[in-house]
file protein23.cif (mmCIF, N, CA and C atoms)
data_upload
loop_
_atom_site.label_atom_id
_atom_site.label_comp_id
_atom_site.auth_asym_id
_atom_site.auth_seq_id
_atom_site.Cartn_x
_atom_site.Cartn_y
_atom_site.Cartn_z
N MET A 1 -128.44 65.31 -63.77
CA MET A 1 -128.01 65.59 -62.43
C MET A 1 -126.60 66.13 -62.44
N ALA A 2 -126.45 67.15 -61.76
CA ALA A 2 -125.15 67.78 -61.63
C ALA A 2 -124.42 67.14 -60.46
N ARG A 3 -123.17 66.84 -60.69
CA ARG A 3 -122.38 66.24 -59.62
C ARG A 3 -121.84 67.32 -58.73
N ASN A 4 -121.64 66.95 -57.53
CA ASN A 4 -121.10 67.85 -56.53
C ASN A 4 -119.61 68.06 -56.83
N PRO A 5 -119.15 69.31 -56.97
CA PRO A 5 -117.74 69.57 -57.27
C PRO A 5 -116.82 69.08 -56.16
N ALA A 6 -117.27 69.08 -54.95
CA ALA A 6 -116.44 68.61 -53.84
C ALA A 6 -116.19 67.11 -53.96
N VAL A 7 -117.17 66.37 -54.42
CA VAL A 7 -117.03 64.93 -54.60
C VAL A 7 -116.05 64.64 -55.74
N GLN A 8 -116.13 65.42 -56.80
CA GLN A 8 -115.22 65.23 -57.93
C GLN A 8 -113.77 65.52 -57.52
N VAL A 9 -113.55 66.54 -56.74
CA VAL A 9 -112.21 66.88 -56.25
C VAL A 9 -111.70 65.76 -55.36
N GLN A 10 -112.58 65.25 -54.51
CA GLN A 10 -112.19 64.18 -53.60
C GLN A 10 -111.81 62.92 -54.39
N LYS A 11 -112.53 62.62 -55.47
CA LYS A 11 -112.22 61.46 -56.31
C LYS A 11 -110.87 61.64 -56.99
N ARG A 12 -110.57 62.86 -57.47
CA ARG A 12 -109.28 63.13 -58.10
C ARG A 12 -108.14 62.96 -57.11
N VAL A 13 -108.36 63.43 -55.89
CA VAL A 13 -107.34 63.31 -54.85
C VAL A 13 -107.10 61.83 -54.53
N MET A 14 -108.16 61.06 -54.42
CA MET A 14 -108.04 59.64 -54.12
C MET A 14 -107.34 58.90 -55.28
N THR A 15 -107.66 59.29 -56.52
CA THR A 15 -107.02 58.69 -57.68
C THR A 15 -105.52 58.99 -57.66
N ARG A 16 -105.15 60.21 -57.36
CA ARG A 16 -103.73 60.58 -57.28
C ARG A 16 -103.03 59.81 -56.16
N LYS A 17 -103.71 59.64 -55.03
CA LYS A 17 -103.12 58.89 -53.92
C LYS A 17 -102.89 57.44 -54.34
N ARG A 18 -103.87 56.85 -55.02
CA ARG A 18 -103.72 55.46 -55.47
C ARG A 18 -102.55 55.33 -56.45
N ILE A 19 -102.47 56.26 -57.39
CA ILE A 19 -101.36 56.24 -58.35
C ILE A 19 -100.03 56.38 -57.62
N PHE A 20 -99.96 57.28 -56.66
CA PHE A 20 -98.73 57.49 -55.89
C PHE A 20 -98.36 56.23 -55.10
N ILE A 21 -99.34 55.61 -54.46
CA ILE A 21 -99.08 54.40 -53.67
C ILE A 21 -98.65 53.25 -54.58
N ILE A 22 -99.37 53.06 -55.69
CA ILE A 22 -99.01 51.98 -56.62
C ILE A 22 -97.63 52.23 -57.22
N GLY A 23 -97.35 53.48 -57.58
CA GLY A 23 -96.03 53.83 -58.11
C GLY A 23 -94.93 53.59 -57.09
N GLY A 24 -95.18 53.96 -55.85
CA GLY A 24 -94.20 53.73 -54.78
C GLY A 24 -93.95 52.25 -54.55
N MET A 25 -95.02 51.48 -54.55
CA MET A 25 -94.86 50.04 -54.36
C MET A 25 -94.11 49.41 -55.53
N THR A 26 -94.44 49.85 -56.74
CA THR A 26 -93.74 49.34 -57.92
C THR A 26 -92.26 49.69 -57.85
N LEU A 27 -91.95 50.91 -57.47
CA LEU A 27 -90.56 51.34 -57.33
C LEU A 27 -89.84 50.51 -56.28
N ALA A 28 -90.51 50.23 -55.17
CA ALA A 28 -89.91 49.42 -54.11
C ALA A 28 -89.62 48.00 -54.60
N VAL A 29 -90.56 47.42 -55.34
CA VAL A 29 -90.36 46.06 -55.86
C VAL A 29 -89.20 46.04 -56.86
N VAL A 30 -89.16 47.02 -57.75
CA VAL A 30 -88.07 47.08 -58.73
C VAL A 30 -86.73 47.25 -58.03
N ALA A 31 -86.68 48.12 -57.03
CA ALA A 31 -85.43 48.33 -56.28
C ALA A 31 -85.02 47.04 -55.57
N PHE A 32 -85.97 46.33 -55.00
CA PHE A 32 -85.66 45.07 -54.33
C PHE A 32 -85.12 44.05 -55.32
N VAL A 33 -85.76 43.94 -56.47
CA VAL A 33 -85.33 42.97 -57.48
C VAL A 33 -83.93 43.31 -58.00
N MET A 34 -83.62 44.58 -58.12
CA MET A 34 -82.32 44.99 -58.64
C MET A 34 -81.21 44.89 -57.60
N PHE A 35 -81.45 45.36 -56.39
CA PHE A 35 -80.36 45.59 -55.44
C PHE A 35 -80.35 44.64 -54.24
N SER A 36 -81.25 43.72 -54.14
CA SER A 36 -81.26 42.80 -53.00
C SER A 36 -80.10 41.81 -53.14
N PRO A 37 -79.77 41.09 -52.08
CA PRO A 37 -78.68 40.11 -52.17
C PRO A 37 -78.93 39.03 -53.22
N TYR A 38 -80.17 38.81 -53.58
CA TYR A 38 -80.50 37.83 -54.62
C TYR A 38 -80.96 38.52 -55.90
N GLY A 39 -80.64 39.78 -56.04
CA GLY A 39 -81.13 40.57 -57.15
C GLY A 39 -80.35 40.37 -58.44
N VAL A 40 -80.78 41.09 -59.44
CA VAL A 40 -80.23 40.98 -60.79
C VAL A 40 -78.75 41.38 -60.81
N LEU A 41 -78.41 42.48 -60.16
CA LEU A 41 -77.02 42.94 -60.19
C LEU A 41 -76.09 41.93 -59.53
N THR A 42 -76.52 41.36 -58.42
CA THR A 42 -75.70 40.36 -57.74
C THR A 42 -75.53 39.13 -58.62
N ARG A 43 -76.59 38.72 -59.26
CA ARG A 43 -76.52 37.55 -60.13
C ARG A 43 -75.58 37.79 -61.32
N LEU A 44 -75.62 38.99 -61.89
CA LEU A 44 -74.71 39.30 -63.00
C LEU A 44 -73.26 39.28 -62.54
N GLN A 45 -73.01 39.84 -61.36
CA GLN A 45 -71.65 39.84 -60.82
C GLN A 45 -71.18 38.41 -60.57
N LEU A 46 -72.04 37.60 -59.98
CA LEU A 46 -71.67 36.21 -59.71
C LEU A 46 -71.48 35.41 -61.00
N ALA A 47 -72.26 35.72 -62.02
CA ALA A 47 -72.09 35.03 -63.30
C ALA A 47 -70.71 35.34 -63.89
N GLY A 48 -70.28 36.60 -63.76
CA GLY A 48 -68.94 36.96 -64.22
C GLY A 48 -67.86 36.23 -63.45
N GLU A 49 -68.03 36.11 -62.15
CA GLU A 49 -67.06 35.39 -61.33
C GLU A 49 -67.02 33.91 -61.69
N VAL A 50 -68.18 33.33 -61.94
CA VAL A 50 -68.25 31.92 -62.32
C VAL A 50 -67.51 31.71 -63.64
N SER A 51 -67.72 32.60 -64.59
CA SER A 51 -67.04 32.49 -65.88
C SER A 51 -65.53 32.56 -65.70
N SER A 52 -65.08 33.50 -64.89
CA SER A 52 -63.65 33.65 -64.64
C SER A 52 -63.08 32.41 -63.96
N LEU A 53 -63.80 31.88 -62.99
CA LEU A 53 -63.32 30.68 -62.29
C LEU A 53 -63.31 29.46 -63.19
N GLU A 54 -64.27 29.37 -64.11
CA GLU A 54 -64.28 28.25 -65.05
C GLU A 54 -63.07 28.32 -65.98
N GLU A 55 -62.71 29.53 -66.43
CA GLU A 55 -61.52 29.69 -67.26
C GLU A 55 -60.27 29.30 -66.49
N THR A 56 -60.19 29.73 -65.24
CA THR A 56 -59.04 29.38 -64.40
C THR A 56 -58.96 27.87 -64.20
N ALA A 57 -60.09 27.24 -63.95
CA ALA A 57 -60.12 25.79 -63.76
C ALA A 57 -59.67 25.07 -65.03
N ALA A 58 -60.08 25.55 -66.19
CA ALA A 58 -59.68 24.93 -67.45
C ALA A 58 -58.17 25.07 -67.66
N ARG A 59 -57.63 26.25 -67.34
CA ARG A 59 -56.18 26.45 -67.44
C ARG A 59 -55.44 25.51 -66.50
N MET A 60 -55.93 25.42 -65.28
CA MET A 60 -55.28 24.56 -64.29
C MET A 60 -55.38 23.09 -64.68
N GLN A 61 -56.47 22.70 -65.32
CA GLN A 61 -56.62 21.33 -65.80
C GLN A 61 -55.56 21.03 -66.85
N GLY A 62 -55.31 22.00 -67.74
CA GLY A 62 -54.26 21.82 -68.74
C GLY A 62 -52.89 21.66 -68.12
N VAL A 63 -52.60 22.46 -67.10
CA VAL A 63 -51.32 22.35 -66.39
C VAL A 63 -51.22 20.99 -65.71
N GLU A 64 -52.30 20.57 -65.07
CA GLU A 64 -52.30 19.27 -64.40
C GLU A 64 -52.04 18.14 -65.39
N ASP A 65 -52.69 18.20 -66.55
CA ASP A 65 -52.50 17.16 -67.56
C ASP A 65 -51.04 17.11 -68.02
N SER A 66 -50.44 18.27 -68.25
CA SER A 66 -49.04 18.28 -68.70
C SER A 66 -48.12 17.77 -67.60
N LEU A 67 -48.41 18.09 -66.34
CA LEU A 67 -47.59 17.58 -65.24
C LEU A 67 -47.74 16.07 -65.09
N ARG A 68 -48.95 15.57 -65.24
CA ARG A 68 -49.15 14.12 -65.16
C ARG A 68 -48.38 13.41 -66.28
N THR A 69 -48.39 14.00 -67.47
CA THR A 69 -47.64 13.43 -68.59
C THR A 69 -46.15 13.41 -68.27
N ALA A 70 -45.65 14.50 -67.69
CA ALA A 70 -44.23 14.57 -67.34
C ALA A 70 -43.88 13.53 -66.28
N VAL A 71 -44.74 13.35 -65.30
CA VAL A 71 -44.49 12.35 -64.25
C VAL A 71 -44.47 10.95 -64.85
N LYS A 72 -45.42 10.64 -65.73
CA LYS A 72 -45.44 9.33 -66.38
C LYS A 72 -44.17 9.11 -67.19
N ARG A 73 -43.74 10.16 -67.89
CA ARG A 73 -42.53 10.06 -68.70
C ARG A 73 -41.31 9.80 -67.81
N LEU A 74 -41.25 10.45 -66.66
CA LEU A 74 -40.12 10.25 -65.74
C LEU A 74 -40.14 8.85 -65.13
N HIS A 75 -41.33 8.30 -64.89
CA HIS A 75 -41.42 6.95 -64.33
C HIS A 75 -41.03 5.88 -65.35
N SER A 76 -41.27 6.14 -66.62
CA SER A 76 -41.07 5.10 -67.62
C SER A 76 -39.83 5.28 -68.49
N ASP A 77 -39.25 6.47 -68.55
CA ASP A 77 -38.17 6.74 -69.49
C ASP A 77 -36.91 7.16 -68.73
N SER A 78 -35.91 6.28 -68.69
CA SER A 78 -34.68 6.60 -67.96
C SER A 78 -33.87 7.68 -68.67
N THR A 79 -34.01 7.79 -69.99
CA THR A 79 -33.27 8.85 -70.69
C THR A 79 -33.80 10.23 -70.31
N GLU A 80 -35.08 10.32 -69.99
CA GLU A 80 -35.66 11.60 -69.55
C GLU A 80 -35.07 12.00 -68.20
N ILE A 81 -34.91 11.04 -67.31
CA ILE A 81 -34.30 11.33 -66.00
C ILE A 81 -32.86 11.79 -66.20
N GLU A 82 -32.15 11.10 -67.08
CA GLU A 82 -30.76 11.48 -67.35
C GLU A 82 -30.68 12.89 -67.93
N ARG A 83 -31.56 13.20 -68.86
CA ARG A 83 -31.57 14.53 -69.47
C ARG A 83 -31.78 15.61 -68.42
N LEU A 84 -32.76 15.41 -67.53
CA LEU A 84 -33.02 16.40 -66.49
C LEU A 84 -31.85 16.52 -65.52
N ALA A 85 -31.23 15.40 -65.17
CA ALA A 85 -30.08 15.45 -64.26
C ALA A 85 -28.93 16.22 -64.89
N ARG A 86 -28.72 16.03 -66.17
CA ARG A 86 -27.64 16.76 -66.86
C ARG A 86 -27.96 18.25 -66.95
N GLU A 87 -29.20 18.59 -67.31
CA GLU A 87 -29.57 20.01 -67.47
C GLU A 87 -29.58 20.76 -66.15
N ARG A 88 -30.24 20.20 -65.18
CA ARG A 88 -30.47 20.94 -63.93
C ARG A 88 -29.31 20.85 -62.95
N TYR A 89 -28.68 19.69 -62.89
CA TYR A 89 -27.69 19.49 -61.83
C TYR A 89 -26.27 19.33 -62.35
N GLY A 90 -26.09 19.38 -63.65
CA GLY A 90 -24.75 19.31 -64.22
C GLY A 90 -24.10 17.95 -64.11
N TYR A 91 -24.88 16.89 -64.00
CA TYR A 91 -24.31 15.55 -63.89
C TYR A 91 -23.63 15.17 -65.20
N ILE A 92 -22.54 14.42 -65.08
CA ILE A 92 -21.83 13.93 -66.25
C ILE A 92 -21.50 12.46 -66.04
N ARG A 93 -21.28 11.78 -67.14
CA ARG A 93 -20.85 10.38 -67.07
C ARG A 93 -19.33 10.35 -66.86
N PRO A 94 -18.86 9.28 -66.30
CA PRO A 94 -17.40 9.17 -66.13
C PRO A 94 -16.70 9.24 -67.49
N GLY A 95 -15.67 10.06 -67.56
CA GLY A 95 -14.90 10.20 -68.79
C GLY A 95 -15.41 11.31 -69.70
N GLU A 96 -16.54 11.91 -69.39
CA GLU A 96 -17.06 13.01 -70.22
C GLU A 96 -16.44 14.32 -69.78
N GLU A 97 -16.36 15.22 -70.72
CA GLU A 97 -15.92 16.58 -70.41
C GLU A 97 -17.08 17.53 -70.72
N VAL A 98 -17.29 18.49 -69.85
CA VAL A 98 -18.38 19.45 -70.03
C VAL A 98 -17.77 20.79 -70.38
N PHE A 99 -18.30 21.41 -71.40
CA PHE A 99 -17.87 22.75 -71.78
C PHE A 99 -19.01 23.70 -71.48
N ILE A 100 -18.73 24.71 -70.67
CA ILE A 100 -19.74 25.72 -70.34
C ILE A 100 -19.44 26.95 -71.17
N ILE A 101 -20.40 27.35 -71.95
CA ILE A 101 -20.25 28.52 -72.82
C ILE A 101 -21.01 29.66 -72.19
N LYS A 102 -20.28 30.71 -71.84
CA LYS A 102 -20.92 31.88 -71.25
C LYS A 102 -21.25 32.87 -72.35
N ARG A 103 -22.38 33.47 -72.24
CA ARG A 103 -22.81 34.46 -73.22
C ARG A 103 -22.33 35.84 -72.80
N ASP A 104 -22.14 36.69 -73.80
CA ASP A 104 -21.78 38.07 -73.48
C ASP A 104 -22.97 38.76 -72.84
N SER A 105 -22.72 39.64 -71.92
CA SER A 105 -23.81 40.37 -71.27
C SER A 105 -24.37 41.45 -72.18
N THR A 106 -23.68 41.74 -73.30
CA THR A 106 -24.16 42.78 -74.22
C THR A 106 -25.24 42.26 -75.15
N GLU A 107 -25.39 40.96 -75.25
CA GLU A 107 -26.40 40.40 -76.17
C GLU A 107 -27.76 40.42 -75.58
#
call {"tool": "encode", "arguments": {"input": "protein23.cif", "output": "structure tokens"}}
result
Amino acid sequence: MARNPAVQVQKRVMTRKRIFIIGGMTLAVVAFVMFSPYGVLTRLQLAGEVSSLEETAARMQGVEDSLRTAVKRLHSDSTEIERLARERYGYIRPGEEVFIIKRDSTE
């Protein structure tokens, strides 16, 4: 039996339409997965931000630990308080003489 050429052409057209529709739907799904607010690109960007914030938090934790150590030292060690008072505020004990050495501006 010979097939009708018009039917064969119609089947080819329908096959092309199906391929086009399936391809379009696939493209739409891929675009949604990539570019939606919950997509891959957004997740990668957020992962980078999380990593950066974790590094910042770790740095800040180190600073906090050193500050807590300094506060404990100031609460328990009177010589530390004296040292800071002498360095920062120029305090001296009665009878002491302070010599201020100025550096040359050319150095």
call {"tool": "atom_distance", "arguments": {"input": "protein23.cif", "atom1": "atom C of Glu87 in chain A", "atom2": "atom C of Ile100 in chain A"}}
result
12.9 Å
call {"tool": "atom_distance", "arguments": {"input": "protein23.cif", "atom1": "atom N of Lys72 in chain A", "atom2": "CA of Ala85 in chain A"}}
result
16.1 Å
call {"tool": "atom_distance", "arguments": {"input": "protein23.cif", "atom1": "atom N of Val29 in chain A", "atom2": "CA of Leu44 in chain A"}}
result
19.4 Å
